[in-house]
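K.L.:
Okay, here's the structure, questions in a sec.
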Amino acid sequence: MSKIKKLYFQLKKRYNLPEKQWKMWCRRPKTIKEREEVVIGAILTQNTNWQNVEKAIANLKKADLLNLDKIAKINLPKLKKLIKPCGFFNVKSRYLKDMAGFVLDSGGIKELKKNNWLKLRENLLNQKGVGQETADSILNYALDKPSFVIDAYTRRFVKKYNLTQEQDYEKLKNLFQDSLKKDFRLYQDYHALIVIDGQNS
DNA sequence: AACCAGGAGAGAG
DNA sequence: CTCTCTCATGGT
């Protein structure tokens, strides 16, 4: 068994991965509304801690704007004001609107889910404001696709357990994917454990 | 008061 | 292709 797989069982046992430990960013969305929230969160959380994102999301929810249709229509200054707490609001507001447009033009979340996800990943990467991490977050968390997310937590995790010296995003991604069954739930759980382990050390 | 927190794009060399 | 700079807020 690979080191990565062993670590998974080890961490799962140590942290007893129960539903209650699942916070918003690692909870499995079911409804379209929830999936759209994940997409929005994926953009807002860029280079920001989750607490600030929660404030921005709370603002959007309070204004009843926490869905892609509304985001696509709202005027830019208003959107900026609402997402201000999570920083970089000038770029993120533009990214959000672009993303909303992209999803809607594609026929919505439901249609996107039917796409070949490798092709969809390419399309996502062509969107301004969507890099590899954001694309994989959307694919894995919002669309139930087995695309492993490499982020700052994952990189620290890899270093902490001496899994490899590699820094390249794709190579790190493959390191995990090649060692694990292609299961989007497993990828989500693993990433949640990586974050929990990172916060407990 | 500096520094960090789940990134990505644009420009320089 | 790799490096550096910029975008900006909130908590410690």
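Identifiers in the structure tokens: chain A, B, ... in order shown; residue index from 1 per chain; ligand index from 1 in order shown.
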At a cut-off of 8 Å, can you tabulate as CSV every residue of chain B near chain A together with its closest atom pair and the distance in Å to one decimal, using only C-alpha atoms (C1' of nucleotides) and ordering rows by chain then number?

P.N.:
```
residue,atom,partner,partner_atom,distance
B:DA5,C1',A:Asn49,CA,4.5
B:DG6,C1',A:Ala152,CA,5.6
B:DG7,C1',A:Gln46,CA,4.8
B:DA8,C1',A:Gly129,CA,5.9
B:DG9,C1',A:Gly129,CA,7.6
```

K.L.:
Taking N, CA and C atoms (P, O5', C5', C4', C3', O3' and C1' of nucleotides) for each residue, export the selection above as a PDB file, in the first residue's frame.

P.N.:
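Below is the file that was written, selection.pdb:
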```pdb
ATOM      1  P    DA B   5       0.314  31.591   6.484  1.00  0.00           P
ATOM      2  O5'  DA B   5      -1.266  31.696   6.288  1.00  0.00           O
ATOM      3  C5'  DA B   5      -2.099  31.713   7.423  1.00  0.00           C
ATOM      4  C4'  DA B   5      -3.479  32.130   6.972  1.00  0.00           C
ATOM      5  C3'  DA B   5      -3.918  31.446   5.673  1.00  0.00           C
ATOM      6  O3'  DA B   5      -5.139  30.752   5.865  1.00  0.00           O
ATOM      7  C1'  DA B   5      -4.198  33.821   5.540  1.00  0.00           C
ATOM      8  P    DG B   6      -5.179  29.292   5.420  1.00  0.00           P
ATOM      9  O5'  DG B   6      -4.915  29.237   3.898  1.00  0.00           O
ATOM     10  C5'  DG B   6      -5.170  30.069   2.842  1.00  0.00           C
ATOM     11  C4'  DG B   6      -4.796  29.314   1.581  1.00  0.00           C
ATOM     12  C3'  DG B   6      -5.530  29.833   0.364  1.00  0.00           C
ATOM     13  O3'  DG B   6      -4.773  29.538  -0.800  1.00  0.00           O
ATOM     14  C1'  DG B   6      -6.356  27.711   0.938  1.00  0.00           C
ATOM     15  P    DG B   7      -3.900  30.805  -1.200  1.00  0.00           P
ATOM     16  O5'  DG B   7      -4.261  31.127  -2.708  1.00  0.00           O
ATOM     17  C5'  DG B   7      -4.835  30.109  -3.501  1.00  0.00           C
ATOM     18  C4'  DG B   7      -5.460  30.781  -4.689  1.00  0.00           C
ATOM     19  C3'  DG B   7      -4.897  30.235  -5.975  1.00  0.00           C
ATOM     20  O3'  DG B   7      -5.934  30.259  -6.919  1.00  0.00           O
ATOM     21  C1'  DG B   7      -4.295  32.502  -5.756  1.00  0.00           C
ATOM     22  P    DA B   8      -5.641  29.675  -8.314  1.00  0.00           P
ATOM     23  O5'  DA B   8      -5.407  30.987  -9.178  1.00  0.00           O
ATOM     24  C5'  DA B   8      -6.424  31.973  -9.200  1.00  0.00           C
ATOM     25  C4'  DA B   8      -6.008  33.144 -10.082  1.00  0.00           C
ATOM     26  C3'  DA B   8      -5.329  32.751 -11.394  1.00  0.00           C
ATOM     27  O3'  DA B   8      -5.963  33.452 -12.429  1.00  0.00           O
ATOM     28  C1'  DA B   8      -3.994  34.303 -10.201  1.00  0.00           C
ATOM     29  P    DG B   9      -5.558  33.310 -13.895  1.00  0.00           P
ATOM     30  O5'  DG B   9      -4.956  34.755 -14.211  1.00  0.00           O
ATOM     31  C5'  DG B   9      -5.755  35.886 -13.898  1.00  0.00           C
ATOM     32  C4'  DG B   9      -4.987  37.155 -14.210  1.00  0.00           C
ATOM     33  C3'  DG B   9      -4.316  37.168 -15.582  1.00  0.00           C
ATOM     34  O3'  DG B   9      -4.473  38.464 -16.134  1.00  0.00           O
ATOM     35  C1'  DG B   9      -2.689  37.510 -13.892  1.00  0.00           C
TER      36       DG B   9
END
```

K.L.:
At a cut-off of 9 Å, list the chain C residues touching chain A, using only C-alpha atoms (C1' of nucleotides), as a list of chain:residue names.

P.N.:
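Output check: C:DC7, C:DA8, C:DT9, C:DG10.
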
K.L.:
Applying 12 Å and only C-alpha atoms (C1' of nucleotides), which residues near C:DC3 remain after dropping the ones on its own chain fewer than 6 positions away? List them as a list in words.

P.N.:
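Once the adjacent positions are removed, what remains is DG11, DA12 and DG13 of chain B.
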